[in-house]
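So this block is entry-v1.txt, compact mmCIF, C-alpha atoms:
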# COMPACT_ATOMS: atom_id res chain seq x y z
CA MET A 32 -154.96 -147.51 229.34
CA ASN A 33 -152.82 -150.31 230.75
CA ASP A 34 -153.59 -153.83 229.57
CA LEU A 35 -155.62 -156.02 231.87
CA LEU A 36 -154.59 -159.68 231.85
CA GLU A 37 -156.44 -162.64 233.29
CA ILE A 38 -154.17 -164.84 235.41
CA LYS A 39 -155.07 -168.42 236.34
CA PHE A 40 -153.78 -170.08 239.49
CA LYS A 41 -153.99 -173.56 240.96
CA ALA A 42 -157.38 -175.29 240.72
CA ASP A 43 -158.56 -172.85 238.02
CA ARG A 44 -158.72 -169.85 240.37
CA LYS A 45 -158.63 -166.72 238.22
CA ALA A 46 -158.21 -162.97 238.69
CA VAL A 47 -157.52 -159.89 236.57
CA TYR A 48 -154.27 -157.91 236.94
CA VAL A 49 -152.86 -154.73 235.43
CA ASN A 50 -149.83 -155.12 233.17
CA ALA A 51 -148.60 -151.61 233.98
CA GLN A 52 -145.06 -152.20 232.75
CA GLN A 53 -146.30 -153.63 229.46
CA PHE A 54 -144.47 -156.94 229.71
CA PRO A 55 -144.74 -158.87 226.39
CA PHE A 56 -146.90 -161.71 227.67
CA LYS A 57 -148.55 -164.41 225.62
CA ILE A 58 -151.14 -166.96 226.75
CA GLY A 59 -149.50 -169.66 228.85
CA ASP A 60 -146.68 -167.48 230.21
CA LEU A 61 -145.99 -167.50 233.95
CA ALA A 62 -146.26 -164.19 235.80
CA ILE A 63 -145.44 -162.96 239.29
CA VAL A 64 -148.31 -160.82 240.61
CA GLU A 65 -149.24 -158.85 243.68
CA ALA A 66 -150.93 -160.82 246.42
CA GLU A 67 -152.22 -160.01 249.88
CA LYS A 68 -149.03 -159.20 251.84
CA GLY A 69 -146.73 -160.70 249.26
CA GLU A 70 -146.37 -162.21 245.79
CA ASP A 71 -148.08 -165.04 243.96
CA LEU A 72 -147.48 -166.85 240.69
CA GLY A 73 -150.00 -167.70 237.99
CA ARG A 74 -150.33 -168.41 234.29
CA VAL A 75 -151.67 -165.92 231.73
CA SER A 76 -155.01 -167.23 230.45
CA GLN A 77 -156.38 -164.17 228.61
CA LEU A 78 -154.81 -161.07 227.06
CA SER A 79 -155.87 -157.44 226.66
CA MET A 80 -159.09 -157.62 228.67
CA THR A 81 -161.29 -154.54 228.99
CA LEU A 82 -162.76 -153.28 232.24
CA GLN A 83 -166.20 -154.34 231.07
CA ALA A 84 -164.97 -157.83 230.17
CA CYS A 85 -163.53 -158.42 233.64
CA GLY A 86 -166.67 -157.12 235.35
CA ALA A 87 -165.27 -153.80 236.56
CA HIS A 88 -167.28 -150.60 236.44
CA ALA A 89 -166.66 -148.06 233.73
CA GLY A 90 -164.16 -145.41 234.80
CA GLU A 91 -162.72 -147.57 237.58
CA SER A 92 -159.06 -146.76 238.15
CA ASP A 93 -156.21 -149.20 237.74
CA ALA A 94 -155.38 -148.68 241.42
CA SER A 95 -158.28 -150.94 242.36
CA THR A 96 -156.70 -153.86 240.48
CA LYS A 97 -153.54 -155.62 241.62
CA MET A 98 -150.43 -155.36 239.46
CA ILE A 99 -148.30 -157.80 237.50
CA LEU A 100 -144.80 -157.44 238.95
CA ARG A 101 -142.68 -159.33 236.42
CA LYS A 102 -142.36 -162.33 234.17
CA ALA A 103 -141.32 -165.53 235.91
CA SER A 104 -137.57 -166.17 235.83
CA ASP A 105 -135.61 -169.43 235.90
CA ARG A 106 -135.14 -168.97 239.65
CA ASP A 107 -138.93 -168.62 240.02
CA LEU A 108 -139.43 -171.91 238.17
CA ILE A 109 -137.17 -173.62 240.71
CA ARG A 110 -139.22 -172.05 243.51
CA ILE A 111 -142.39 -173.50 241.96
CA GLN A 112 -141.00 -177.03 242.18
CA GLU A 113 -139.87 -176.42 245.75
CA ASN A 114 -143.39 -175.23 246.65
CA LYS A 115 -144.96 -178.36 245.15
CA ILE A 116 -142.76 -180.55 247.35
CA ALA A 117 -143.55 -178.38 250.38
CA GLU A 118 -147.30 -178.60 249.63
CA LYS A 119 -147.14 -182.40 249.68
CA LYS A 120 -145.33 -182.42 253.04
CA ALA A 121 -147.71 -179.81 254.52
CA PHE A 122 -150.71 -181.82 253.31
CA ASP A 123 -149.47 -184.98 255.02
CA LEU A 124 -148.67 -183.12 258.24
CA CYS A 125 -152.05 -181.39 258.34
CA ARG A 126 -153.87 -184.67 257.78
CA LEU A 127 -151.91 -186.22 260.66
CA LYS A 128 -152.81 -183.35 262.98
CA ILE A 129 -156.48 -183.59 261.95
CA THR A 130 -156.38 -187.19 263.15
CA LEU A 131 -154.65 -186.23 266.40
CA HIS A 132 -157.28 -183.56 267.11
CA ALA A 133 -160.08 -186.00 266.15
CA LEU A 134 -161.70 -183.47 263.79
CA ALA A 135 -164.54 -184.65 261.53
CA MET A 136 -163.12 -183.12 258.38
CA LYS A 137 -161.56 -184.37 255.16
CA LEU A 138 -158.44 -182.59 253.91
CA VAL A 139 -158.69 -182.00 250.14
CA ASP A 140 -155.74 -179.88 249.06
CA CYS A 141 -152.91 -177.62 250.17
CA GLU A 142 -151.81 -174.48 248.33
CA TYR A 143 -148.69 -172.41 249.00
CA GLN A 144 -148.64 -168.75 248.07
CA PHE A 145 -145.60 -168.33 245.81
CA ASP A 146 -143.52 -166.41 248.37
CA GLY A 147 -144.53 -168.73 251.21
CA ASN A 148 -146.26 -165.95 253.18
CA LYS A 149 -149.50 -167.94 253.31
CA ILE A 150 -150.51 -171.61 253.22
CA THR A 151 -154.13 -172.47 252.49
CA PHE A 152 -155.65 -175.83 253.39
CA PHE A 153 -158.94 -176.83 251.74
CA PHE A 154 -161.25 -179.31 253.42
CA THR A 155 -164.77 -180.69 253.36
CA ALA A 156 -167.00 -181.40 256.35
CA ASP A 157 -170.65 -182.15 257.04
CA LYS A 158 -170.88 -179.30 259.54
CA ARG A 159 -168.89 -176.39 260.91
CA ILE A 160 -165.58 -177.36 262.48
CA ASP A 161 -163.75 -175.70 265.37
CA PHE A 162 -160.22 -175.88 263.97
CA ARG A 163 -158.60 -173.16 266.09
CA GLU A 164 -156.20 -175.55 267.82
CA LEU A 165 -155.29 -177.08 264.47
CA VAL A 166 -154.44 -173.64 263.06
CA LYS A 167 -152.26 -172.91 266.10
CA ASP A 168 -150.34 -176.15 265.58
CA LEU A 169 -149.79 -175.45 261.89
CA ALA A 170 -148.79 -171.82 262.49
CA ALA A 171 -146.26 -172.93 265.11
CA GLU A 172 -144.85 -175.46 262.66
CA TYR A 173 -144.53 -173.21 259.61
CA ARG A 174 -144.21 -169.73 261.15
CA THR A 175 -146.39 -168.21 258.46
CA ARG A 176 -150.01 -167.27 257.87
CA ILE A 177 -152.32 -170.31 257.86
CA GLU A 178 -155.79 -170.36 256.34
CA LEU A 179 -158.26 -173.25 256.48
CA ARG A 180 -161.07 -173.00 253.96
CA GLN A 181 -164.13 -175.25 253.93
CA ILE A 182 -165.41 -176.14 250.45
CA GLY A 183 -168.27 -178.25 249.07
CA VAL A 184 -167.97 -181.70 247.54
CA ARG A 185 -168.43 -180.30 244.02
CA ASP A 186 -165.55 -177.87 244.65
CA GLU A 187 -163.54 -180.83 245.92
CA ALA A 188 -164.03 -182.67 242.63
CA LYS A 189 -163.04 -179.51 240.76
CA ARG A 190 -159.79 -179.17 242.71
CA VAL A 191 -158.82 -182.85 242.72
CA GLY A 192 -159.94 -183.65 239.15
CA GLY A 193 -160.58 -187.06 237.63
CA TYR A 194 -162.62 -188.78 234.93
CA GLY A 195 -166.33 -189.45 234.64
CA VAL A 196 -168.13 -192.59 233.50
CA CYS A 197 -168.07 -191.10 229.98
CA GLY A 198 -164.28 -191.51 229.96
CA ARG A 199 -163.63 -187.78 229.69
CA GLN A 200 -162.05 -185.38 232.17
CA LEU A 201 -164.51 -184.06 234.74
CA CYS A 202 -166.31 -181.01 233.34
CA CYS A 203 -165.94 -179.18 236.66
CA SER A 204 -162.15 -179.43 236.52
CA ALA A 205 -161.89 -178.96 232.74
CA TRP A 206 -164.02 -175.93 231.90
CA ILE A 207 -166.96 -175.18 234.22
CA LYS A 208 -166.36 -171.83 235.95
CA GLU A 209 -169.44 -171.66 238.18
CA PHE A 210 -171.74 -174.41 239.41
CA ALA A 211 -175.40 -174.15 238.43
CA PRO A 212 -178.20 -175.62 240.58
CA ILE A 213 -179.22 -179.12 239.43
CA THR A 214 -182.41 -180.95 240.45
CA THR A 215 -183.98 -184.31 239.62
CA GLN A 216 -186.40 -182.41 237.37
CA ALA A 217 -183.60 -182.28 234.78
CA ALA A 218 -183.58 -186.10 234.75
CA LYS A 219 -187.37 -186.29 234.60
CA ASP A 220 -187.44 -183.94 231.62
CA GLN A 221 -185.18 -186.39 229.75
CA ASN A 222 -187.18 -189.48 230.81
CA LEU A 223 -184.16 -190.85 232.67
CA PRO A 224 -184.65 -193.44 235.42
CA LEU A 225 -184.31 -191.82 238.84
CA ASN A 226 -181.47 -194.09 239.89
CA PRO A 227 -179.13 -192.23 242.29
CA ASN A 228 -176.19 -194.45 241.36
CA LYS A 229 -176.47 -193.50 237.69
CA LEU A 230 -177.40 -189.83 238.12
CA ALA A 231 -174.64 -188.97 240.62
CA GLY A 232 -171.16 -187.89 239.59
CA VAL A 233 -167.89 -188.70 241.35
CA CYS A 234 -168.68 -185.93 243.86
CA GLY A 235 -171.85 -187.75 244.93
CA ARG A 236 -174.09 -184.94 243.66
CA LEU A 237 -176.23 -184.89 240.52
CA LYS A 238 -174.11 -184.82 237.36
CA CYS A 239 -173.54 -181.39 235.82
CA CYS A 240 -174.14 -182.90 232.37
CA LEU A 241 -177.83 -183.43 233.21
CA MET A 242 -178.27 -179.78 232.26
CA TYR A 243 -176.48 -179.91 228.89
CA GLU A 244 -179.32 -181.37 226.79
CA ARG A 245 -182.28 -180.43 228.95
CA ASP A 246 -183.43 -177.60 226.65
CA PHE A 247 -183.21 -179.89 223.61
CA TYR A 248 -185.30 -182.55 225.32
CA ASN A 249 -187.91 -180.02 226.40
CA GLN A 250 -188.20 -178.68 222.85
CA ALA A 251 -188.33 -182.17 221.33
CA ILE A 252 -190.86 -183.58 223.81
CA ALA A 253 -193.13 -180.58 223.22
CA GLN A 254 -193.78 -182.02 219.73
CA PHE A 255 -195.09 -185.29 221.18
CA PRO A 256 -198.46 -186.14 222.77
CA GLU A 257 -198.36 -186.47 226.55
CA LEU A 258 -197.48 -189.77 228.18
CA ALA A 259 -200.48 -191.82 229.33
CA LYS A 260 -202.72 -189.92 226.89
CA PRO A 261 -205.47 -192.04 225.27
CA ILE A 262 -205.12 -192.95 221.60
CA LYS A 263 -207.39 -194.84 219.19
CA THR A 264 -205.85 -197.03 216.48
CA GLU A 265 -207.00 -199.83 214.18
CA LYS A 266 -206.30 -202.25 217.05
CA GLY A 267 -208.51 -200.35 219.48
CA GLU A 268 -208.01 -197.84 222.26
CA GLY A 269 -204.77 -197.63 224.20
CA ILE A 270 -202.51 -195.15 225.95
CA ILE A 271 -199.11 -193.67 225.08
CA ALA A 272 -196.62 -195.65 227.17
CA LYS A 273 -193.30 -194.46 225.74
CA ILE A 274 -191.83 -191.61 223.69
CA ASP A 275 -188.72 -191.97 221.52
CA ILE A 276 -187.51 -188.51 220.44
CA PHE A 277 -184.54 -189.92 218.51
CA HIS A 278 -186.66 -192.05 216.16
CA ASP A 279 -189.77 -189.82 216.26
CA THR A 280 -191.96 -192.69 217.42
CA ILE A 281 -194.31 -193.49 220.29
CA THR A 282 -195.21 -196.81 221.88
CA VAL A 283 -198.89 -197.55 222.43
CA LYS A 284 -199.98 -199.96 225.15
CA TYR A 285 -203.39 -201.65 224.91
CA PRO A 286 -205.46 -202.99 227.84
CA GLY A 287 -204.41 -206.55 227.02
CA GLY A 288 -200.74 -205.64 227.43
CA GLU A 289 -199.93 -205.57 223.69
CA LEU A 290 -197.44 -202.87 222.55
CA GLU A 291 -197.34 -201.10 219.19
CA VAL A 292 -194.72 -198.63 217.90
CA MET A 293 -195.89 -195.97 215.45
CA PRO A 294 -194.43 -192.80 213.86
CA LEU A 295 -195.01 -189.45 215.56
CA ALA A 296 -196.93 -187.95 212.61
CA VAL A 297 -199.40 -190.85 212.56
CA SER A 298 -199.83 -190.83 216.33
CA LYS A 299 -200.71 -187.12 216.39
CA GLU A 300 -203.60 -187.69 214.00
CA LYS A 301 -204.89 -190.64 216.00
CA VAL A 302 -204.68 -188.81 219.32
CA TYR A 303 -206.58 -185.89 217.82
CA LYS A 304 -209.20 -188.26 216.39
CA CYS A 305 -209.56 -190.03 219.73
CA GLU A 306 -210.09 -186.74 221.55
CA ASN A 307 -212.88 -185.82 219.17
CA ASP A 308 -214.51 -189.22 218.61
CA CYS A 309 -214.18 -191.06 221.92
CA GLY A 310 -215.71 -188.46 224.17
CA HIS A 311 -214.97 -190.67 227.18
CA GLU A 312 -212.59 -193.36 228.35
CA HIS A 313 -213.58 -196.94 229.00
CA GLY A 314 -213.01 -198.28 232.51
CA ASN A 315 -210.20 -200.66 231.58
CA LEU A 316 -208.43 -197.90 229.60
CA GLU A 317 -208.60 -195.56 232.59
CA GLU A 318 -207.06 -198.25 234.82
CA LEU A 319 -204.27 -198.74 232.28
CA ARG A 320 -203.62 -195.01 232.11
CA GLN A 321 -203.45 -194.70 235.89
CA SER A 322 -201.00 -197.62 236.12
CA GLU A 323 -198.68 -195.92 233.61
CA VAL A 324 -198.87 -192.56 235.39
CA HIS A 325 -198.08 -194.01 238.80

This structure in structure tokens:
Amino acid sequence: MNDLLEIKFKADRKAVYVNAQQFPFKIGDLAIVEAEKGEDLGRVSQLSMTLQACGAHAGESDASTKMILRKASDRDLIRIQENKIAEKKAFDLCRLKITLHALAMKLVDCEYQFDGNKITFFFTADKRIDFRELVKDLAAEYRTRIELRQIGVRDEAKRVGGYGVCGRQLCCSAWIKEFAPITTQAAKDQNLPLNPNKLAGVCGRLKCCLMYERDFYNQAIAQFPELAKPIKTEKGEGIIAKIDIFHDTITVKYPGGELEVMPLAVSKEKVYKCENDCGHEHGNLEELRQSEVH
């Protein structure tokens, strides 16, 4: 069976191709591959893939997968640099024409197919855009196939790249292959303040990293008594106002406003004792509990 190689293109776009001629590729090599009505260039990102690994069905023929045509030559490397310069000029021209047509869209990126048979413009917009006149103008200018593709703001961040408040490269542009749904529940599970300015990433949506430690927090918090649960200590009855999973402690708040920090193991015993001995909650304790819940 011919080797199947994973090829990565601009903005981390990937596809699997057949190395029918058994070129001696290694990871990082540039390859010229079949594209729709032409040729494209990408970089080898994975070697000797199986049909199952690339998601194809068992017994599927190689004819269903596009072919690797050759290894990139020195002339191809020159063409790459020429395409990068052309992409910058096409980007500026398209943005100018967007302004002339008064279209409510933001141009994000421009990508040339290696052989120049297609130019793809990526943009974001709040709603659907009628860009037919824009496409006509661009097609008349470049005499080639023009494609305008609307993407989301998270895809925009992935294509453009950048750095987060953590100081590291954006996860979406560094390694995330597919975006998972993220809700504010992920922040609530980690007892994070629901501050939009702190929870949003550079794309303006909830940070992808909110999901990284969610399972750990859920497992850790399961070991603790519930927030606002009544507890009886030597100082009297109070409620659990705060949980600290890193130091295995809880903070107890008493009706007078006094706070006390105690270890998790001790607090479990006292909560259990309160549930069995108290039998009811005093009025002022119930008011305190309701104030913490709301």

Would you compute the distance between CA of Gly73 in chain A and CA of Ala121 in chain A? Give it in Å to one decimal.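 About the pair CA of Gly73 in chain A and CA of Ala121 in chain A: they are 20.6 Å apart.
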
Which residue out of A:Pro227, A:Gly69, A:Gly193, A:Gly267 has the minimum interatomic distance to Glu291 in chain A when all atoms listed in the file are used?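 That would be A:Gly267, the residue with the smallest distance to Glu291 in chain A.
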
When you count only C-alpha atoms, which of these residues is closest to Ile281 in chain A: A:Lys266, A:Lys260, A:Lys189, A:Arg245?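 Nearest candidate to Ile281 in chain A out of A:Lys266, A:Lys260, A:Lys189, A:Arg245: A:Lys260.
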
From the list A:Cys125, A:Ala218, A:Ala133, A:Val139, which residue is nearest Glu172 in chain A when using all atoms listed in the file? A:Cys125

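Rounded to one decimal, CA of Ile109 in chain A and CA of Lys57 in chain A lie 21.0 Å from each other.
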
Spatial neighbours of Lys97 in chain A, 12 Å, all atoms listed in the file, chain gap at least 5 places, as a list in words: Leu35, Leu36, Glu37, Ile38, Ala46, Val47, Tyr48, Val49, Asn50, Ala51, Ile63, Val64, Glu65, Ala66, Glu67, Lys68, Gly69, Glu70, Asp71 and Ser92 of chain A

File dump, residues just selected, C-alpha atoms, as a CSV table (one decimal), in the coordinates of the input:
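So out36.csv came out as:
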chain,number,residue,atom,x,y,z
A,35,LEU,CA,-155.6,-156.0,231.9
A,36,LEU,CA,-154.6,-159.7,231.8
A,37,GLU,CA,-156.4,-162.6,233.3
A,38,ILE,CA,-154.2,-164.8,235.4
A,46,ALA,CA,-158.2,-163.0,238.7
A,47,VAL,CA,-157.5,-159.9,236.6
A,48,TYR,CA,-154.3,-157.9,236.9
A,49,VAL,CA,-152.9,-154.7,235.4
A,50,ASN,CA,-149.8,-155.1,233.2
A,51,ALA,CA,-148.6,-151.6,234.0
A,63,ILE,CA,-145.4,-163.0,239.3
A,64,VAL,CA,-148.3,-160.8,240.6
A,65,GLU,CA,-149.2,-158.8,243.7
A,66,ALA,CA,-150.9,-160.8,246.4
A,67,GLU,CA,-152.2,-160.0,249.9
A,68,LYS,CA,-149.0,-159.2,251.8
A,69,GLY,CA,-146.7,-160.7,249.3
A,70,GLU,CA,-146.4,-162.2,245.8
A,71,ASP,CA,-148.1,-165.0,244.0
A,92,SER,CA,-159.1,-146.8,238.2

What gap, in Å, lies between CA of Ala156 in chain A and CA of Gln181 in chain A?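 Going from CA of Ala156 in chain A over to CA of Gln181 in chain A covers 7.2 Å.
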
Who sits within 7 Å of Phe154 in chain A, all atoms listed in the file, same chain under 3 positions skipped, as a short mmCIF file (atom, residue, chain, number, x, y, z; two decimals) with C-alpha atoms, in the frame of the given file:
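File written: result01.cif
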data_model
loop_
_atom_site.label_atom_id
_atom_site.label_comp_id
_atom_site.auth_asym_id
_atom_site.auth_seq_id
_atom_site.Cartn_x
_atom_site.Cartn_y
_atom_site.Cartn_z
CA MET A 136 -163.12 -183.12 258.38
CA LYS A 137 -161.56 -184.37 255.16
CA LEU A 138 -158.44 -182.59 253.91
CA VAL A 139 -158.69 -182.00 250.14
CA ARG A 180 -161.07 -173.00 253.96
CA GLN A 181 -164.13 -175.25 253.93
CA ILE A 182 -165.41 -176.14 250.45
#

For Gln144 in chain A, list every protein, DNA or RNA residue within 8 Å, evaluated using all atoms listed in the file, and leave out those in the same chain fewer than 3 positions away; present the list as a compact mmCIF listing (two decimals) with C-alpha atoms, in the frame of the given file.
# COMPACT_ATOMS: atom_id res chain seq x y z
CA GLU A 70 -146.37 -162.21 245.79
CA ASP A 71 -148.08 -165.04 243.96
CA LEU A 72 -147.48 -166.85 240.69
CA GLY A 147 -144.53 -168.73 251.21
CA ASN A 148 -146.26 -165.95 253.18
CA LYS A 149 -149.50 -167.94 253.31
CA ILE A 150 -150.51 -171.61 253.22
CA THR A 151 -154.13 -172.47 252.49

Need to verify the contact set: Asp186 in chain A, 10 Å, all atoms listed in the file, exclusion of same-chain residues closer than 3 positions in sequence. Can you return it as a PyMOL selection string? chain A and resi 42+139+153-155+181-183+189-192+203-204+209-210+234

Go through A:Phe40, A:Ile252, A:Asp220, A:Lys238 and flag the residue nearest Tyr143 in chain A, using all atoms listed in the file for the distances.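 Closest candidate: A:Phe40.
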
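Nearest to Leu134 in chain A of all the residues A:Leu258, A:Ala251, A:Leu108, A:Ile160 is A:Ile160, based on all atoms listed in the file.
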